[in-house]
>>> print(open('structure_19.txt').read())   # compact mmCIF, N, CA and C atoms
# COMPACT_ATOMS: atom_id res chain seq x y z
N MET V 1 113.53 130.39 107.70
CA MET V 1 113.35 128.99 107.32
C MET V 1 113.51 128.13 108.57
N ASN V 2 112.67 127.13 108.68
CA ASN V 2 112.73 126.18 109.78
C ASN V 2 113.55 124.97 109.37
N THR V 3 114.36 124.44 110.29
CA THR V 3 115.14 123.24 110.04
C THR V 3 114.80 122.21 111.10
N VAL V 4 114.53 120.97 110.65
CA VAL V 4 114.22 119.87 111.55
C VAL V 4 115.17 118.72 111.27
N SER V 5 115.33 117.82 112.24
CA SER V 5 116.25 116.69 112.07
C SER V 5 115.54 115.45 111.55
N GLY V 6 114.27 115.55 111.22
CA GLY V 6 113.56 114.42 110.64
C GLY V 6 112.08 114.74 110.49
N LEU V 7 111.46 114.10 109.52
CA LEU V 7 110.02 114.23 109.29
C LEU V 7 109.45 112.82 109.35
N THR V 8 108.67 112.55 110.39
CA THR V 8 108.17 111.20 110.60
C THR V 8 106.74 111.27 111.15
N GLY V 9 106.05 110.16 111.09
CA GLY V 9 104.70 110.10 111.65
C GLY V 9 103.63 110.17 110.59
N GLY V 10 102.38 110.30 111.06
CA GLY V 10 101.25 110.25 110.15
C GLY V 10 100.30 111.43 110.29
N GLY V 11 100.75 112.52 110.86
CA GLY V 11 99.88 113.68 111.02
C GLY V 11 99.85 114.56 109.79
N ALA V 12 99.37 115.77 109.97
CA ALA V 12 99.28 116.74 108.88
C ALA V 12 100.39 117.77 109.03
N LEU V 13 101.07 118.08 107.93
CA LEU V 13 102.07 119.13 107.89
C LEU V 13 101.51 120.25 107.03
N LYS V 14 101.35 121.42 107.59
CA LYS V 14 100.83 122.57 106.85
C LYS V 14 101.85 123.69 106.92
N LEU V 15 102.50 123.96 105.79
CA LEU V 15 103.56 124.98 105.76
C LEU V 15 103.03 126.38 105.48
N SER V 16 101.84 126.50 104.94
CA SER V 16 101.22 127.81 104.67
C SER V 16 102.17 128.73 103.90
N GLY V 17 102.79 128.20 102.86
CA GLY V 17 103.68 128.99 102.02
C GLY V 17 105.09 129.09 102.54
N ALA V 18 105.37 128.55 103.71
CA ALA V 18 106.70 128.63 104.32
C ALA V 18 107.64 127.56 103.75
N GLU V 19 108.89 127.63 104.17
CA GLU V 19 109.93 126.70 103.73
C GLU V 19 110.47 125.97 104.95
N MET V 20 110.68 124.65 104.81
CA MET V 20 111.23 123.86 105.90
C MET V 20 112.32 122.94 105.34
N THR V 21 113.41 122.81 106.08
CA THR V 21 114.52 121.95 105.69
C THR V 21 114.60 120.75 106.61
N VAL V 22 114.70 119.55 106.01
CA VAL V 22 114.93 118.32 106.75
C VAL V 22 116.40 117.98 106.54
N ASP V 23 117.19 118.09 107.61
CA ASP V 23 118.64 117.86 107.56
C ASP V 23 118.94 116.74 108.54
N SER V 24 119.03 115.51 108.04
CA SER V 24 119.10 114.36 108.93
C SER V 24 120.10 113.32 108.43
N SER V 25 120.77 112.67 109.36
CA SER V 25 121.64 111.55 109.03
C SER V 25 120.98 110.22 109.40
N THR V 26 119.70 110.27 109.76
CA THR V 26 118.91 109.08 110.09
C THR V 26 117.71 109.00 109.15
N SER V 27 117.40 107.81 108.67
CA SER V 27 116.26 107.63 107.77
C SER V 27 114.95 107.80 108.53
N HIS V 28 113.97 108.46 107.87
CA HIS V 28 112.65 108.69 108.43
C HIS V 28 111.60 108.48 107.35
N THR V 29 110.38 108.13 107.78
CA THR V 29 109.25 107.98 106.85
C THR V 29 108.09 108.81 107.35
N PHE V 30 107.53 109.61 106.44
CA PHE V 30 106.36 110.43 106.73
C PHE V 30 105.18 109.87 105.96
N THR V 31 104.11 109.48 106.69
CA THR V 31 102.93 108.90 106.05
C THR V 31 101.72 109.82 106.15
N GLY V 32 101.94 111.02 106.66
CA GLY V 32 100.85 111.97 106.84
C GLY V 32 100.52 112.71 105.56
N THR V 33 99.85 113.85 105.73
CA THR V 33 99.44 114.66 104.59
C THR V 33 100.20 115.97 104.57
N LEU V 34 100.42 116.47 103.37
CA LEU V 34 100.99 117.80 103.17
C LEU V 34 99.81 118.71 102.88
N ASP V 35 99.42 119.51 103.86
CA ASP V 35 98.22 120.33 103.76
C ASP V 35 98.56 121.77 103.39
N GLY V 36 97.54 122.51 103.00
CA GLY V 36 97.70 123.92 102.66
C GLY V 36 97.94 124.11 101.18
N ALA V 37 97.86 125.36 100.76
CA ALA V 37 97.96 125.69 99.34
C ALA V 37 99.38 125.59 98.80
N SER V 38 100.39 125.85 99.65
CA SER V 38 101.75 125.85 99.14
C SER V 38 102.76 125.67 100.26
N GLY V 39 103.99 125.35 99.86
CA GLY V 39 105.09 125.20 100.79
C GLY V 39 106.28 124.62 100.06
N THR V 40 107.44 124.66 100.71
CA THR V 40 108.67 124.12 100.14
C THR V 40 109.36 123.25 101.18
N LEU V 41 109.68 122.02 100.80
CA LEU V 41 110.43 121.10 101.65
C LEU V 41 111.80 120.87 101.02
N ASN V 42 112.85 121.11 101.80
CA ASN V 42 114.23 120.89 101.37
C ASN V 42 114.77 119.67 102.11
N PHE V 43 115.44 118.78 101.40
CA PHE V 43 116.03 117.59 102.00
C PHE V 43 117.53 117.64 101.77
N LYS V 44 118.31 117.63 102.88
CA LYS V 44 119.77 117.77 102.82
C LYS V 44 120.47 116.65 103.57
N SER V 45 121.79 116.70 103.54
CA SER V 45 122.70 115.85 104.29
C SER V 45 122.60 114.42 103.82
N GLY V 46 122.06 113.55 104.59
CA GLY V 46 121.95 112.17 104.18
C GLY V 46 122.86 111.26 104.93
N ASN V 47 124.16 111.25 104.61
CA ASN V 47 125.12 110.32 105.22
C ASN V 47 124.60 108.89 105.12
N GLY V 48 124.01 108.54 103.98
CA GLY V 48 123.47 107.20 103.77
C GLY V 48 122.02 107.05 104.17
N SER V 49 121.43 108.08 104.76
CA SER V 49 120.02 107.99 105.17
C SER V 49 119.11 108.37 104.01
N VAL V 50 117.88 107.90 104.08
CA VAL V 50 116.87 108.22 103.07
C VAL V 50 115.61 108.71 103.77
N GLN V 51 115.11 109.84 103.33
CA GLN V 51 113.83 110.36 103.82
C GLN V 51 112.76 109.87 102.86
N THR V 52 111.62 109.41 103.38
CA THR V 52 110.56 108.87 102.53
C THR V 52 109.26 109.61 102.81
N ILE V 53 108.57 109.99 101.73
CA ILE V 53 107.23 110.53 101.83
C ILE V 53 106.29 109.54 101.17
N LYS V 54 105.39 108.96 101.97
CA LYS V 54 104.37 108.04 101.46
C LYS V 54 103.06 108.80 101.46
N GLY V 55 102.51 109.02 100.32
CA GLY V 55 101.23 109.72 100.26
C GLY V 55 101.05 110.42 98.93
N ALA V 56 99.92 111.11 98.83
CA ALA V 56 99.53 111.73 97.57
C ALA V 56 100.27 113.02 97.27
N GLY V 57 101.10 113.51 98.21
CA GLY V 57 101.82 114.76 97.99
C GLY V 57 100.86 115.94 98.05
N ASN V 58 101.26 117.03 97.40
CA ASN V 58 100.44 118.23 97.33
C ASN V 58 100.90 119.01 96.11
N ALA V 59 100.00 119.27 95.19
CA ALA V 59 100.35 119.94 93.93
C ALA V 59 100.80 121.38 94.13
N GLY V 60 100.71 121.90 95.35
CA GLY V 60 101.18 123.25 95.64
C GLY V 60 102.55 123.29 96.30
N TYR V 61 103.13 122.11 96.57
CA TYR V 61 104.41 122.04 97.27
C TYR V 61 105.57 121.83 96.31
N ASN V 62 106.70 122.47 96.63
CA ASN V 62 107.97 122.25 95.94
C ASN V 62 108.84 121.37 96.81
N LEU V 63 109.61 120.48 96.17
CA LEU V 63 110.57 119.63 96.86
C LEU V 63 111.95 119.91 96.30
N ASN V 64 112.94 120.08 97.18
CA ASN V 64 114.33 120.29 96.77
C ASN V 64 115.18 119.25 97.49
N VAL V 65 115.99 118.50 96.72
CA VAL V 65 116.89 117.51 97.28
C VAL V 65 118.31 117.95 96.93
N THR V 66 119.09 118.36 97.96
CA THR V 66 120.41 118.94 97.72
C THR V 66 121.42 118.43 98.74
N ASP V 67 122.67 118.80 98.53
CA ASP V 67 123.74 118.59 99.52
C ASP V 67 123.80 117.18 100.08
N GLY V 68 123.68 116.16 99.20
CA GLY V 68 123.79 114.78 99.64
C GLY V 68 122.51 114.17 100.19
N GLY V 69 121.43 114.92 100.17
CA GLY V 69 120.15 114.40 100.65
C GLY V 69 119.63 113.29 99.76
N ALA V 70 118.80 112.42 100.31
CA ALA V 70 118.16 111.35 99.55
C ALA V 70 116.69 111.30 99.93
N LEU V 71 115.83 111.32 98.92
CA LEU V 71 114.39 111.34 99.13
C LEU V 71 113.73 110.27 98.28
N THR V 72 112.84 109.47 98.90
CA THR V 72 112.01 108.52 98.17
C THR V 72 110.58 109.02 98.21
N LEU V 73 109.98 109.15 97.04
CA LEU V 73 108.56 109.49 96.92
C LEU V 73 107.82 108.19 96.67
N ALA V 74 107.04 107.74 97.66
CA ALA V 74 106.41 106.43 97.57
C ALA V 74 105.02 106.49 96.96
N GLY V 75 104.39 107.66 96.91
CA GLY V 75 103.07 107.75 96.31
C GLY V 75 101.99 107.15 97.19
N ALA V 76 100.76 107.33 96.77
CA ALA V 76 99.60 106.82 97.51
C ALA V 76 98.89 105.79 96.65
N PRO V 77 98.55 104.62 97.22
CA PRO V 77 97.81 103.63 96.44
C PRO V 77 96.47 104.20 95.97
N THR V 78 96.06 103.79 94.80
CA THR V 78 94.78 104.25 94.25
C THR V 78 93.83 103.07 94.13
N GLU V 79 92.58 103.38 93.89
CA GLU V 79 91.57 102.34 93.77
C GLU V 79 91.75 101.53 92.50
N GLY V 80 91.29 100.29 92.53
CA GLY V 80 91.26 99.45 91.34
C GLY V 80 92.61 98.95 90.88
N GLY V 81 93.63 98.98 91.76
CA GLY V 81 94.93 98.47 91.38
C GLY V 81 95.72 99.40 90.47
N ASN V 82 95.28 100.65 90.33
CA ASN V 82 96.02 101.60 89.51
C ASN V 82 97.34 101.95 90.18
N PRO V 83 98.31 102.46 89.43
CA PRO V 83 99.62 102.79 89.99
C PRO V 83 99.52 103.84 91.11
N ALA V 84 100.46 103.76 92.04
CA ALA V 84 100.55 104.77 93.10
C ALA V 84 100.82 106.13 92.45
N GLN V 85 100.28 107.20 93.05
CA GLN V 85 100.43 108.52 92.47
C GLN V 85 100.77 109.55 93.53
N ALA V 86 101.49 110.58 93.11
CA ALA V 86 101.79 111.72 93.97
C ALA V 86 101.94 112.94 93.07
N ALA V 87 101.49 114.10 93.54
CA ALA V 87 101.56 115.33 92.76
C ALA V 87 102.33 116.39 93.53
N TYR V 88 103.23 117.10 92.86
CA TYR V 88 104.01 118.19 93.44
C TYR V 88 104.11 119.31 92.42
N LYS V 89 104.26 120.51 92.89
CA LYS V 89 104.39 121.67 91.99
C LYS V 89 105.72 121.60 91.24
N GLY V 90 106.79 121.32 91.96
CA GLY V 90 108.11 121.25 91.35
C GLY V 90 109.03 120.38 92.18
N ILE V 91 109.96 119.72 91.51
CA ILE V 91 110.96 118.90 92.18
C ILE V 91 112.32 119.28 91.60
N THR V 92 113.25 119.66 92.49
CA THR V 92 114.60 120.00 92.07
C THR V 92 115.57 119.07 92.77
N VAL V 93 116.47 118.45 92.01
CA VAL V 93 117.50 117.59 92.57
C VAL V 93 118.84 118.16 92.13
N ASN V 94 119.66 118.59 93.11
CA ASN V 94 120.96 119.19 92.82
C ASN V 94 121.94 118.72 93.88
N GLY V 95 122.73 117.69 93.57
CA GLY V 95 123.67 117.15 94.54
C GLY V 95 123.02 116.19 95.52
N GLY V 96 121.82 115.69 95.17
CA GLY V 96 121.12 114.73 96.02
C GLY V 96 120.58 113.59 95.18
N THR V 97 119.75 112.74 95.78
CA THR V 97 119.19 111.58 95.10
C THR V 97 117.68 111.55 95.29
N LEU V 98 116.95 111.36 94.19
CA LEU V 98 115.50 111.20 94.23
C LEU V 98 115.18 109.79 93.78
N ASN V 99 114.48 109.04 94.64
CA ASN V 99 114.01 107.69 94.31
C ASN V 99 112.51 107.74 94.08
N ILE V 100 112.05 107.07 93.06
CA ILE V 100 110.62 106.95 92.81
C ILE V 100 110.22 105.54 93.20
N GLY V 101 109.30 105.40 94.14
CA GLY V 101 108.91 104.09 94.64
C GLY V 101 107.43 103.98 94.78
N SER V 102 106.99 103.01 95.58
CA SER V 102 105.58 102.76 95.80
C SER V 102 105.37 102.40 97.26
N ALA V 103 104.38 103.02 97.89
CA ALA V 103 104.07 102.69 99.28
C ALA V 103 103.63 101.25 99.41
N SER V 104 103.01 100.70 98.36
CA SER V 104 102.55 99.33 98.42
C SER V 104 103.66 98.34 98.10
N ASP V 105 104.80 98.80 97.62
CA ASP V 105 105.90 97.94 97.23
C ASP V 105 107.22 98.62 97.56
N PRO V 106 107.49 98.93 98.85
CA PRO V 106 108.69 99.69 99.19
C PRO V 106 109.99 98.97 98.89
N ALA V 107 109.95 97.64 98.76
CA ALA V 107 111.18 96.92 98.47
C ALA V 107 111.73 97.28 97.09
N HIS V 108 110.88 97.80 96.21
CA HIS V 108 111.31 98.17 94.87
C HIS V 108 111.51 99.66 94.72
N ALA V 109 111.43 100.41 95.78
CA ALA V 109 111.61 101.86 95.70
C ALA V 109 112.97 102.18 95.12
N GLY V 110 112.97 103.00 94.10
CA GLY V 110 114.22 103.47 93.52
C GLY V 110 114.83 102.55 92.49
N HIS V 111 114.26 101.36 92.26
CA HIS V 111 114.81 100.47 91.25
C HIS V 111 114.40 100.97 89.88
N GLY V 112 115.19 100.66 88.91
CA GLY V 112 114.88 101.09 87.55
C GLY V 112 115.55 102.40 87.24
N ARG V 113 115.63 102.70 85.96
CA ARG V 113 116.30 103.91 85.51
C ARG V 113 115.43 104.50 84.42
N PRO V 114 114.79 105.65 84.68
CA PRO V 114 113.92 106.21 83.65
C PRO V 114 114.67 106.45 82.34
N GLU V 115 114.04 106.05 81.24
CA GLU V 115 114.59 106.33 79.94
C GLU V 115 114.24 107.76 79.56
N ARG V 116 114.58 108.15 78.36
CA ARG V 116 114.38 109.53 77.92
C ARG V 116 112.93 110.00 78.08
N ASN V 117 111.96 109.12 77.82
CA ASN V 117 110.57 109.51 77.95
C ASN V 117 110.04 109.31 79.36
N GLY V 118 110.91 108.95 80.31
CA GLY V 118 110.50 108.81 81.69
C GLY V 118 109.99 107.43 82.06
N GLU V 119 110.13 106.45 81.18
CA GLU V 119 109.57 105.13 81.46
C GLU V 119 110.65 104.06 81.43
N GLN V 120 110.66 103.18 82.42
CA GLN V 120 111.54 102.02 82.47
C GLN V 120 110.67 100.80 82.26
N HIS V 121 110.97 99.97 81.28
CA HIS V 121 110.14 98.80 80.99
C HIS V 121 110.48 97.65 81.93
N GLY V 122 109.54 96.78 82.16
CA GLY V 122 109.68 95.66 83.10
C GLY V 122 109.09 96.08 84.43
N ASP V 123 109.90 96.64 85.29
CA ASP V 123 109.43 97.20 86.55
C ASP V 123 109.28 98.69 86.28
N HIS V 124 108.08 99.13 85.94
CA HIS V 124 107.86 100.47 85.39
C HIS V 124 107.96 101.57 86.43
N HIS V 125 108.68 102.61 86.10
CA HIS V 125 108.73 103.83 86.89
C HIS V 125 108.39 104.96 85.93
N HIS V 126 107.38 105.72 86.25
CA HIS V 126 106.99 106.83 85.39
C HIS V 126 107.27 108.12 86.15
N LEU V 127 107.97 109.00 85.52
CA LEU V 127 108.19 110.32 86.09
C LEU V 127 107.82 111.32 85.00
N LEU V 128 106.65 111.90 85.14
CA LEU V 128 106.23 112.92 84.19
C LEU V 128 106.85 114.22 84.67
N HIS V 129 107.73 114.76 83.88
CA HIS V 129 108.52 115.88 84.34
C HIS V 129 108.31 117.09 83.46
N ASN V 130 109.05 118.12 83.70
CA ASN V 130 108.86 119.37 82.99
C ASN V 130 109.62 119.43 81.67
N GLY V 131 110.20 118.35 81.24
CA GLY V 131 110.91 118.32 79.97
C GLY V 131 112.17 119.17 79.97
N GLY V 132 112.68 119.51 81.15
CA GLY V 132 113.90 120.30 81.23
C GLY V 132 113.68 121.79 81.04
N ARG V 133 112.42 122.22 81.01
CA ARG V 133 112.14 123.65 80.82
C ARG V 133 112.11 124.33 82.18
N ALA V 134 113.02 125.23 82.40
CA ALA V 134 113.11 125.95 83.68
C ALA V 134 111.79 126.66 83.97
N GLY V 135 111.38 126.59 85.21
CA GLY V 135 110.17 127.28 85.63
C GLY V 135 108.88 126.51 85.38
N GLN V 136 108.97 125.36 84.72
CA GLN V 136 107.78 124.55 84.46
C GLN V 136 107.67 123.49 85.54
N PRO V 137 106.51 123.31 86.16
CA PRO V 137 106.38 122.40 87.30
C PRO V 137 106.34 120.94 86.91
N VAL V 138 106.81 120.10 87.82
CA VAL V 138 106.61 118.66 87.71
C VAL V 138 105.20 118.41 88.22
N ARG V 139 104.40 117.73 87.46
CA ARG V 139 102.99 117.60 87.79
C ARG V 139 102.62 116.28 88.43
N HIS V 140 103.30 115.17 88.09
CA HIS V 140 102.76 113.88 88.49
C HIS V 140 103.88 112.85 88.54
N VAL V 141 103.91 112.06 89.58
CA VAL V 141 104.86 110.97 89.69
C VAL V 141 104.06 109.71 89.95
N GLN V 142 104.36 108.64 89.22
CA GLN V 142 103.66 107.37 89.49
C GLN V 142 104.59 106.21 89.21
N ARG V 143 104.24 105.04 89.76
CA ARG V 143 105.04 103.84 89.57
C ARG V 143 104.11 102.67 89.40
N GLU V 144 104.47 101.76 88.49
CA GLU V 144 103.73 100.51 88.28
C GLU V 144 104.69 99.37 88.48
N HIS V 145 104.22 98.27 89.03
CA HIS V 145 105.03 97.06 89.12
C HIS V 145 104.30 95.96 88.34
N HIS V 146 105.00 95.41 87.37
CA HIS V 146 104.46 94.32 86.58
C HIS V 146 105.26 93.07 86.86
N ALA V 147 104.60 92.04 87.35
CA ALA V 147 105.27 90.77 87.60
C ALA V 147 105.62 90.15 86.27
N GLY V 148 106.72 89.49 86.23
CA GLY V 148 107.06 88.82 84.99
C GLY V 148 108.42 88.49 84.92
>>> encode(input="structure_19.txt", output="structure tokens")
Amino acid sequence: MNTVSGLTGGGALKLSGAEMTVDSSTSHTFTGTLDGASGTLNFKSGNGSVQTIKGAGNAGYNLNVTDGGALTLAGAPTEGGNPAQAAYKGITVNGGTLNIGSASDPAHAGHGRPERNGEQHGDHHHLLHNGGRAGQPVRHVQREHHAG
């Protein structure tokens, strides 16, 4: 497994089925693409820092947030004013923090608290999840902001 002290920039990351750990006490933002058929990204440590992925994600990638890590999934803006979207194979949070945000509205990243069905009314955060069934992938994360 490879360990790095931060994931930043706008290039392409291709893990080719490999696993990489981001263990950082400094906040970083990655605006590039997650390429390839599969891979696993682990986010650890934190010490108050937040790692952010802005983009469409990759439906073949797994994300793990553990050991005090904090990750914000900002999603990618879509055409026609539709909510930002990101797709991942699976997301596991164990001893870490996952924030659902929007690349177009980062000031609201992580606000709101998903209700049982995954929706927070007012400033909407949608997290379509696996329903708590082990081994079932998380398919889609999106966020909407409604002024009002």
>>> closest_residue(input="structure_19.txt", among="V:Ala86, V:Ala37, V:Ile53, V:Val93", to="Leu15 (chain V)", atoms="only N, CA and C atoms")
V:Ala37
>>> select_by_dssp(input="structure_19.txt", residues="region 13-62 of chain V", states="strand (DSSP E)", output="ChimeraX atom specification")
/V:13-14,19-24,28-30,33-35,39-45,51-53,57-62
>>> atom_distance(input="structure_19.txt", atom1="atom C of Gly69 (chain V)", atom2="atom C of Asn82 (chain V)")
26.8 Å
>>> closest_residue(input="structure_19.txt", among="V:Thr31, V:Asn64, V:Thr72, V:Ser5", to="Gln51 (chain V)", atoms="only C-alpha atoms")
V:Thr72
>>> atom_distance(input="structure_19.txt", atom1="atom C of His28 (chain V)", atom2="CA of Met1 (chain V)")
20.6 Å
>>> atom_distance(input="structure_19.txt", atom1="atom N of Gly36 (chain V)", atom2="atom C of Gly48 (chain V)")
29.0 Å
>>> residues_around(input="structure_19.txt", residues="Phe43 (chain V)", least_positions_apart="5", cutoff="6 Å", atoms="only N, CA and C atoms", output="compact mmCIF listing (two decimals) with N, CA and C atoms, in the frame of the given file")
# COMPACT_ATOMS: atom_id res chain seq x y z
N THR V 21 113.41 122.81 106.08
CA THR V 21 114.52 121.95 105.69
C THR V 21 114.60 120.75 106.61
N VAL V 22 114.70 119.55 106.01
CA VAL V 22 114.93 118.32 106.75
C VAL V 22 116.40 117.98 106.54
N ASP V 23 117.19 118.09 107.61
CA ASP V 23 118.64 117.86 107.56
C ASP V 23 118.94 116.74 108.54
N ASN V 64 112.94 120.08 97.18
CA ASN V 64 114.33 120.29 96.77
C ASN V 64 115.18 119.25 97.49
N VAL V 65 115.99 118.50 96.72
CA VAL V 65 116.89 117.51 97.28
C VAL V 65 118.31 117.95 96.93
N THR V 66 119.09 118.36 97.96
CA THR V 66 120.41 118.94 97.72
C THR V 66 121.42 118.43 98.74
N GLY V 69 121.43 114.92 100.17
CA GLY V 69 120.15 114.40 100.65
C GLY V 69 119.63 113.29 99.76
N ALA V 70 118.80 112.42 100.31
CA ALA V 70 118.16 111.35 99.55
C ALA V 70 116.69 111.30 99.93
>>> residues_around(input="structure_19.txt", residues="Lys54 (chain V)", least_positions_apart="3", cutoff="9 Å", atoms="only C-alpha atoms", output="PyMOL selection string")
chain V and resi 29-33+57+72-76+86+102-103
>>> closest_residue(input="structure_19.txt", among="V:Ala18, V:Ile100, V:Ala12, V:Ala87", to="Gly39 (chain V)", atoms="only N, CA and C atoms")
V:Ala18
>>> closest_residue(input="structure_19.txt", among="V:Gly10, V:Gly81, V:Gly90, V:Gly95", to="Ser45 (chain V)", atoms="only C-alpha atoms")
V:Gly95
>>> residues_near_point(input="structure_19.txt", point="(102.3, 122.3, 93.0)", cutoff="6 Å", atoms="only C-alpha atoms", output="JSON, numbers by chain")
{"V": [59, 60, 61, 88, 89]}
>>> write_last_selection(input="structure_19.txt", atoms="N, CA and C atoms", output="JSON list (two decimals), in the coordinates of the input")
[["chain", "number", "residue", "atom", "x", "y", "z"],
["V", 59, "ALA", "N", 100.00, 119.27, 95.19],
["V", 59, "ALA", "CA", 100.35, 119.94, 93.93],
["V", 59, "ALA", "C", 100.80, 121.38, 94.13],
["V", 60, "GLY", "N", 100.71, 121.90, 95.35],
["V", 60, "GLY", "CA", 101.18, 123.25, 95.64],
["V", 60, "GLY", "C", 102.55, 123.29, 96.30],
["V", 61, "TYR", "N", 103.13, 122.11, 96.57],
["V", 61, "TYR", "CA", 104.41, 122.04, 97.27],
["V", 61, "TYR", "C", 105.57, 121.83, 96.31],
["V", 88, "TYR", "N", 103.23, 117.10, 92.86],
["V", 88, "TYR", "CA", 104.01, 118.19, 93.44],
["V", 88, "TYR", "C", 104.11, 119.31, 92.42],
["V", 89, "LYS", "N", 104.26, 120.51, 92.89],
["V", 89, "LYS", "CA", 104.39, 121.67, 91.99],
["V", 89, "LYS", "C", 105.72, 121.60, 91.24]]
